[in-house]
$ cat input-v5.cif   # mmCIF, N, CA and C atoms
data_work
loop_
_atom_site.label_atom_id
_atom_site.label_comp_id
_atom_site.auth_asym_id
_atom_site.auth_seq_id
_atom_site.Cartn_x
_atom_site.Cartn_y
_atom_site.Cartn_z
N MET I 1 74.49 168.05 78.41
CA MET I 1 74.26 167.78 77.01
C MET I 1 75.50 168.20 76.22
N PRO I 2 76.02 167.33 75.34
CA PRO I 2 77.23 167.66 74.61
C PRO I 2 76.97 168.75 73.56
N VAL I 3 77.99 169.55 73.33
CA VAL I 3 77.91 170.60 72.33
C VAL I 3 78.32 170.00 70.99
N THR I 4 77.55 170.28 69.94
CA THR I 4 77.89 169.75 68.62
C THR I 4 78.96 170.60 67.97
N ALA I 5 79.79 169.96 67.20
CA ALA I 5 80.84 170.68 66.47
C ALA I 5 80.21 171.47 65.33
N PRO I 6 80.74 172.65 65.06
CA PRO I 6 80.18 173.42 63.94
C PRO I 6 80.46 172.73 62.61
N ARG I 7 79.50 172.89 61.69
CA ARG I 7 79.63 172.33 60.34
C ARG I 7 79.51 173.45 59.32
N PRO I 8 80.03 173.25 58.13
CA PRO I 8 79.88 174.28 57.10
C PRO I 8 78.41 174.41 56.68
N CYS I 9 78.02 175.61 56.34
CA CYS I 9 76.69 175.88 55.80
C CYS I 9 76.50 175.03 54.54
N ALA I 10 75.28 174.52 54.33
CA ALA I 10 75.00 173.65 53.18
C ALA I 10 74.85 174.41 51.87
N ALA I 11 74.82 175.74 51.91
CA ALA I 11 74.73 176.53 50.68
C ALA I 11 76.04 176.42 49.90
N PRO I 12 75.97 176.26 48.58
CA PRO I 12 77.20 176.14 47.79
C PRO I 12 78.14 177.32 47.99
N ALA I 13 79.40 177.03 48.20
CA ALA I 13 80.49 178.01 48.34
C ALA I 13 80.41 178.87 49.59
N CYS I 14 79.50 178.59 50.50
CA CYS I 14 79.42 179.36 51.74
C CYS I 14 80.41 178.76 52.74
N ARG I 15 81.16 179.61 53.39
CA ARG I 15 82.17 179.14 54.35
C ARG I 15 81.74 179.34 55.79
N ALA I 16 80.52 179.82 56.00
CA ALA I 16 80.04 180.04 57.37
C ALA I 16 79.87 178.70 58.08
N LEU I 17 80.09 178.71 59.39
CA LEU I 17 79.91 177.51 60.20
C LEU I 17 78.60 177.61 60.96
N VAL I 18 77.89 176.48 61.06
CA VAL I 18 76.61 176.45 61.78
C VAL I 18 76.65 175.35 62.83
N ARG I 19 75.97 175.57 63.92
CA ARG I 19 75.91 174.56 64.99
C ARG I 19 74.59 173.79 64.96
N GLY I 20 73.56 174.38 64.46
CA GLY I 20 72.26 173.71 64.37
C GLY I 20 71.65 173.98 63.02
N GLY I 21 70.92 173.04 62.48
CA GLY I 21 70.35 173.22 61.16
C GLY I 21 71.38 172.99 60.07
N ARG I 22 70.98 173.29 58.85
CA ARG I 22 71.87 173.06 57.72
C ARG I 22 72.47 174.34 57.16
N PHE I 23 71.77 175.47 57.34
CA PHE I 23 72.20 176.71 56.70
C PHE I 23 72.54 177.78 57.73
N CYS I 24 73.43 178.68 57.33
CA CYS I 24 73.75 179.83 58.17
C CYS I 24 72.56 180.80 58.13
N ALA I 25 72.55 181.78 59.01
CA ALA I 25 71.44 182.73 59.09
C ALA I 25 71.21 183.45 57.77
N ASP I 26 72.27 183.77 57.05
CA ASP I 26 72.13 184.46 55.77
C ASP I 26 71.39 183.61 54.75
N HIS I 27 71.72 182.34 54.65
CA HIS I 27 71.09 181.50 53.64
C HIS I 27 69.72 181.00 54.06
N VAL I 28 69.45 180.86 55.34
CA VAL I 28 68.10 180.50 55.78
C VAL I 28 67.15 181.62 55.38
N SER I 29 67.52 182.87 55.62
CA SER I 29 66.64 183.98 55.29
C SER I 29 66.49 184.14 53.78
N ARG I 30 67.54 183.85 53.00
CA ARG I 30 67.43 183.92 51.54
C ARG I 30 66.43 182.90 51.02
N GLY I 31 66.44 181.71 51.61
CA GLY I 31 65.49 180.68 51.19
C GLY I 31 64.07 181.08 51.49
N ALA I 32 63.84 181.66 52.66
CA ALA I 32 62.50 182.11 53.01
C ALA I 32 62.06 183.23 52.08
N ALA I 33 62.98 184.13 51.75
CA ALA I 33 62.65 185.23 50.84
C ALA I 33 62.32 184.71 49.44
N ALA I 34 63.07 183.73 48.98
CA ALA I 34 62.81 183.16 47.66
C ALA I 34 61.43 182.52 47.60
N ARG I 35 61.05 181.81 48.67
CA ARG I 35 59.72 181.20 48.70
C ARG I 35 58.64 182.27 48.69
N ALA I 36 58.86 183.36 49.42
CA ALA I 36 57.88 184.44 49.48
C ALA I 36 57.71 185.11 48.12
N LEU I 37 58.76 185.10 47.31
CA LEU I 37 58.70 185.73 45.99
C LEU I 37 58.28 184.74 44.90
N GLY I 38 57.71 183.62 45.28
CA GLY I 38 57.21 182.67 44.29
C GLY I 38 58.17 181.56 43.94
N GLY I 39 59.12 181.28 44.81
CA GLY I 39 60.04 180.17 44.58
C GLY I 39 59.33 178.84 44.71
N ARG I 40 60.07 177.79 44.84
CA ARG I 40 59.51 176.45 44.86
C ARG I 40 58.58 176.21 46.05
N GLY I 41 58.86 176.79 47.18
CA GLY I 41 58.02 176.59 48.36
C GLY I 41 58.37 175.30 49.08
N THR I 42 57.80 175.14 50.24
CA THR I 42 58.05 173.93 51.03
C THR I 42 57.28 172.76 50.44
N SER I 43 57.62 171.56 50.86
CA SER I 43 56.90 170.39 50.37
C SER I 43 55.42 170.48 50.74
N HIS I 44 55.12 170.97 51.92
CA HIS I 44 53.72 171.12 52.33
C HIS I 44 53.01 172.13 51.44
N GLU I 45 53.68 173.23 51.13
CA GLU I 45 53.09 174.25 50.25
C GLU I 45 52.85 173.70 48.84
N ARG I 46 53.64 172.71 48.43
CA ARG I 46 53.48 172.11 47.10
C ARG I 46 52.46 170.97 47.09
N GLY I 47 51.79 170.71 48.21
CA GLY I 47 50.74 169.70 48.25
C GLY I 47 51.11 168.40 48.91
N TYR I 48 52.34 168.24 49.35
CA TYR I 48 52.78 167.00 49.98
C TYR I 48 52.49 167.06 51.48
N ASP I 49 51.22 166.91 51.82
CA ASP I 49 50.75 167.06 53.19
C ASP I 49 50.32 165.70 53.74
N ALA I 50 49.55 165.71 54.82
CA ALA I 50 49.11 164.45 55.44
C ALA I 50 48.27 163.62 54.47
N ARG I 51 47.44 164.28 53.68
CA ARG I 51 46.62 163.55 52.70
C ARG I 51 47.54 162.83 51.71
N TRP I 52 48.58 163.51 51.25
CA TRP I 52 49.52 162.89 50.31
C TRP I 52 50.25 161.73 50.97
N ARG I 53 50.71 161.91 52.20
CA ARG I 53 51.44 160.84 52.88
C ARG I 53 50.58 159.58 53.01
N LYS I 54 49.29 159.75 53.27
CA LYS I 54 48.38 158.61 53.38
C LYS I 54 48.20 157.94 52.00
N ALA I 55 47.99 158.75 50.96
CA ALA I 55 47.82 158.21 49.61
C ALA I 55 49.10 157.52 49.14
N ARG I 56 50.25 158.13 49.45
CA ARG I 56 51.55 157.57 49.09
C ARG I 56 51.74 156.20 49.73
N ALA I 57 51.44 156.09 51.02
CA ALA I 57 51.60 154.82 51.74
C ALA I 57 50.71 153.74 51.13
N ALA I 58 49.47 154.10 50.79
CA ALA I 58 48.55 153.13 50.19
C ALA I 58 49.05 152.70 48.81
N PHE I 59 49.56 153.64 48.03
CA PHE I 59 50.06 153.32 46.69
C PHE I 59 51.27 152.40 46.78
N LEU I 60 52.19 152.70 47.69
CA LEU I 60 53.37 151.84 47.84
C LEU I 60 53.01 150.45 48.36
N ALA I 61 51.97 150.37 49.19
CA ALA I 61 51.52 149.05 49.66
C ALA I 61 50.98 148.22 48.50
N ALA I 62 50.30 148.89 47.56
CA ALA I 62 49.74 148.20 46.40
C ALA I 62 50.78 147.96 45.30
N HIS I 63 51.84 148.78 45.27
CA HIS I 63 52.89 148.69 44.25
C HIS I 63 54.26 148.70 44.95
N PRO I 64 54.63 147.58 45.58
CA PRO I 64 55.84 147.58 46.42
C PRO I 64 57.17 147.54 45.66
N LEU I 65 57.13 147.30 44.35
CA LEU I 65 58.38 147.19 43.59
C LEU I 65 58.55 148.37 42.64
N CYS I 66 59.80 148.72 42.39
CA CYS I 66 60.14 149.82 41.50
C CYS I 66 59.71 149.48 40.07
N ALA I 67 58.88 150.34 39.48
CA ALA I 67 58.37 150.11 38.13
C ALA I 67 59.49 150.12 37.09
N GLU I 68 60.43 151.03 37.22
CA GLU I 68 61.54 151.13 36.25
C GLU I 68 62.44 149.90 36.34
N CYS I 69 62.75 149.47 37.55
CA CYS I 69 63.57 148.26 37.71
C CYS I 69 62.86 147.05 37.12
N GLN I 70 61.55 146.96 37.32
CA GLN I 70 60.79 145.84 36.76
C GLN I 70 60.89 145.83 35.23
N ARG I 71 60.87 147.01 34.61
CA ARG I 71 60.99 147.09 33.15
C ARG I 71 62.35 146.55 32.67
N HIS I 72 63.34 146.56 33.56
CA HIS I 72 64.68 146.06 33.23
C HIS I 72 64.96 144.69 33.83
N GLY I 73 63.91 144.02 34.32
CA GLY I 73 64.06 142.68 34.86
C GLY I 73 64.67 142.60 36.25
N ARG I 74 64.67 143.74 36.97
CA ARG I 74 65.24 143.76 38.33
C ARG I 74 64.10 143.78 39.34
N VAL I 75 64.36 143.26 40.52
CA VAL I 75 63.39 143.29 41.62
C VAL I 75 63.98 144.18 42.71
N THR I 76 63.41 145.38 42.85
CA THR I 76 63.92 146.37 43.80
C THR I 76 62.74 146.98 44.55
N PRO I 77 62.81 147.08 45.87
CA PRO I 77 61.71 147.72 46.61
C PRO I 77 61.56 149.19 46.23
N ALA I 78 60.32 149.62 46.10
CA ALA I 78 60.04 151.04 45.82
C ALA I 78 59.93 151.79 47.13
N ARG I 79 60.37 153.04 47.12
CA ARG I 79 60.27 153.89 48.31
C ARG I 79 59.68 155.25 47.98
N VAL I 80 59.51 155.55 46.69
CA VAL I 80 59.05 156.87 46.26
C VAL I 80 57.86 156.70 45.33
N VAL I 81 56.86 157.57 45.47
CA VAL I 81 55.79 157.66 44.49
C VAL I 81 56.12 158.87 43.62
N ASP I 82 56.34 158.60 42.35
CA ASP I 82 56.76 159.62 41.40
C ASP I 82 55.59 160.00 40.50
N HIS I 83 55.51 161.29 40.16
CA HIS I 83 54.54 161.74 39.16
C HIS I 83 55.19 161.54 37.80
N ILE I 84 54.61 160.68 36.97
CA ILE I 84 55.18 160.36 35.66
C ILE I 84 55.31 161.64 34.84
N LYS I 85 54.21 162.37 34.73
CA LYS I 85 54.23 163.68 34.08
C LYS I 85 54.23 164.72 35.19
N PRO I 86 55.20 165.64 35.24
CA PRO I 86 55.22 166.64 36.32
C PRO I 86 53.91 167.40 36.40
N HIS I 87 53.38 167.54 37.60
CA HIS I 87 52.07 168.17 37.76
C HIS I 87 52.13 169.68 37.72
N ARG I 88 53.26 170.28 38.05
CA ARG I 88 53.47 171.73 38.01
C ARG I 88 52.31 172.51 38.65
N GLY I 89 51.81 171.99 39.77
CA GLY I 89 50.76 172.68 40.50
C GLY I 89 49.35 172.32 40.06
N ASP I 90 49.20 171.53 39.02
CA ASP I 90 47.87 171.10 38.55
C ASP I 90 47.34 170.05 39.53
N GLU I 91 46.36 170.42 40.33
CA GLU I 91 45.88 169.54 41.39
C GLU I 91 45.26 168.26 40.83
N ALA I 92 44.56 168.34 39.70
CA ALA I 92 43.96 167.14 39.11
C ALA I 92 45.05 166.15 38.69
N LEU I 93 46.12 166.66 38.09
CA LEU I 93 47.22 165.80 37.67
C LEU I 93 47.99 165.27 38.89
N PHE I 94 48.12 166.10 39.92
CA PHE I 94 48.79 165.70 41.15
C PHE I 94 48.12 164.47 41.76
N TRP I 95 46.78 164.46 41.82
CA TRP I 95 46.05 163.38 42.48
C TRP I 95 45.65 162.24 41.54
N ASN I 96 45.95 162.32 40.26
CA ASN I 96 45.59 161.29 39.30
C ASN I 96 46.54 160.10 39.47
N GLU I 97 46.03 159.01 40.03
CA GLU I 97 46.89 157.84 40.30
C GLU I 97 47.43 157.20 39.02
N ALA I 98 46.79 157.43 37.89
CA ALA I 98 47.32 156.93 36.62
C ALA I 98 48.62 157.64 36.27
N ASN I 99 48.88 158.77 36.90
CA ASN I 99 50.10 159.54 36.68
C ASN I 99 51.17 159.23 37.74
N TRP I 100 50.94 158.22 38.56
CA TRP I 100 51.89 157.85 39.61
C TRP I 100 52.62 156.57 39.22
N GLN I 101 53.86 156.47 39.67
CA GLN I 101 54.60 155.22 39.56
C GLN I 101 55.48 155.06 40.79
N ALA I 102 55.65 153.84 41.22
CA ALA I 102 56.51 153.54 42.36
C ALA I 102 57.94 153.37 41.84
N LEU I 103 58.89 154.08 42.48
CA LEU I 103 60.29 154.00 42.07
C LEU I 103 61.19 153.77 43.28
N CYS I 104 62.38 153.23 43.03
CA CYS I 104 63.38 153.11 44.09
C CYS I 104 64.09 154.45 44.25
N ASP I 105 64.77 154.63 45.37
CA ASP I 105 65.46 155.90 45.64
C ASP I 105 66.94 155.65 45.88
N PHE I 106 67.60 156.62 46.50
CA PHE I 106 69.06 156.56 46.73
C PHE I 106 69.49 155.38 47.59
N THR I 107 68.57 154.73 48.29
CA THR I 107 68.95 153.57 49.10
C THR I 107 69.19 152.34 48.23
N SER I 108 68.81 152.41 46.97
CA SER I 108 69.02 151.33 46.02
C SER I 108 70.24 151.65 45.15
N PRO I 109 70.96 150.64 44.68
CA PRO I 109 72.09 150.94 43.79
C PRO I 109 71.65 151.53 42.45
N PHE I 110 70.36 151.45 42.13
CA PHE I 110 69.87 151.94 40.84
C PHE I 110 69.32 153.37 40.93
N ASP I 111 68.74 153.76 42.06
CA ASP I 111 68.18 155.10 42.30
C ASP I 111 67.40 155.61 41.09
N CYS I 112 66.36 154.90 40.71
CA CYS I 112 65.58 155.28 39.53
C CYS I 112 64.94 156.65 39.68
N HIS I 113 64.48 157.00 40.88
CA HIS I 113 63.87 158.32 41.06
C HIS I 113 64.92 159.42 40.90
N GLY I 114 66.09 159.24 41.50
CA GLY I 114 67.15 160.24 41.36
C GLY I 114 67.60 160.38 39.91
N ALA I 115 67.68 159.26 39.19
CA ALA I 115 68.08 159.31 37.78
C ALA I 115 67.05 160.07 36.96
N LYS I 116 65.77 159.81 37.21
CA LYS I 116 64.70 160.50 36.47
C LYS I 116 64.72 161.99 36.78
N THR I 117 64.87 162.33 38.04
CA THR I 117 64.91 163.73 38.44
C THR I 117 66.13 164.42 37.83
N GLY I 118 67.26 163.74 37.81
CA GLY I 118 68.48 164.30 37.24
C GLY I 118 68.36 164.57 35.75
N ARG I 119 67.52 163.81 35.07
CA ARG I 119 67.29 164.04 33.64
C ARG I 119 66.28 165.17 33.41
N GLY I 120 65.73 165.71 34.49
CA GLY I 120 64.76 166.80 34.37
C GLY I 120 63.37 166.33 34.02
N GLU I 121 63.08 165.08 34.25
CA GLU I 121 61.75 164.54 33.93
C GLU I 121 60.81 164.66 35.10
#
$ encode --input "input-v5.cif" --output "structure tokens"
Amino acid sequence: MPVTAPRPCAAPACRALVRGGRFCADHVSRGAAARALGGRGTSHERGYDARWRKARAAFLAAHPLCAECQRHGRVTPARVVDHIKPHRGDEALFWNEANWQALCDFTSPFDCHGAKTGRGE
């Protein structure tokens, strides 16, 4: 089995080299500590579990085009189910399909989801 070349740690300004994973041992443990102290948590901890993946797939099957692109007269496949109003842990808002919209992602030249996220929405 070939040995992989070391890569820089993905943490900003870290110069450590890693052979597996994205982060050096120091930054992996910092991330775990931050989650334990009430940080953002993993996607699963935030509710994006098997139930979400099933609901997401059904929503994208019913809404295959990016809603934002459609508003601008473009036809772009959607790949992301976005919460229009951030749910911030509110389970009722998380599961309310009226609060969902299908958006394109970084695979599209428009990246409507990335643009919305970048605006802090």
$ resolve_selection --input "input-v5.cif" --expression "the PyMOL selection byres (((chain I and resi 98 and name CA) around 12) and name CA)" --output "ChimeraX atom specification"
/I:59,81-85,92-97,99-102
$ resolve_selection --input "input-v5.cif" --expression "the PyMOL selection byres ((chain I and resi 62-68) around 8)" --output "list of chain:residue names"
I:Arg56, I:Ala57, I:Ala58, I:Phe59, I:Leu60, I:Ala61, I:Cys69, I:Gln70, I:Arg71, I:His72, I:Gly73, I:Arg74, I:Val75, I:Thr76, I:Pro77, I:Ala78, I:Arg79, I:Val80, I:Gln101, I:Ala102, I:Leu103, I:Cys104, I:Asp105, I:Cys112
$ atom_distance --input "input-v5.cif" --atom1 "atom C of Ala10 in chain I" --atom2 "atom N of Gly89 in chain I"
26.1 Å
$ closest_residue --input "input-v5.cif" --among "I:Arg51, I:Glu91, I:Phe23, I:Phe110" --to "Ala11 in chain I" --atoms "all atoms listed in the file"
I:Phe23
$ atom_distance --input "input-v5.cif" --atom1 "CA of Ser108 in chain I" --atom2 "CA of Pro86 in chain I"
22.8 Å
$ select_by_dssp --input "input-v5.cif" --residues "chain I" --states "strand (DSSP E or B)" --output "PyMOL selection string"
chain I and resi 7-8+17-18+65+77+80-83+100-103
$ atom_distance --input "input-v5.cif" --atom1 "atom N of Thr4 in chain I" --atom2 "atom C of Ala16 in chain I"
14.7 Å
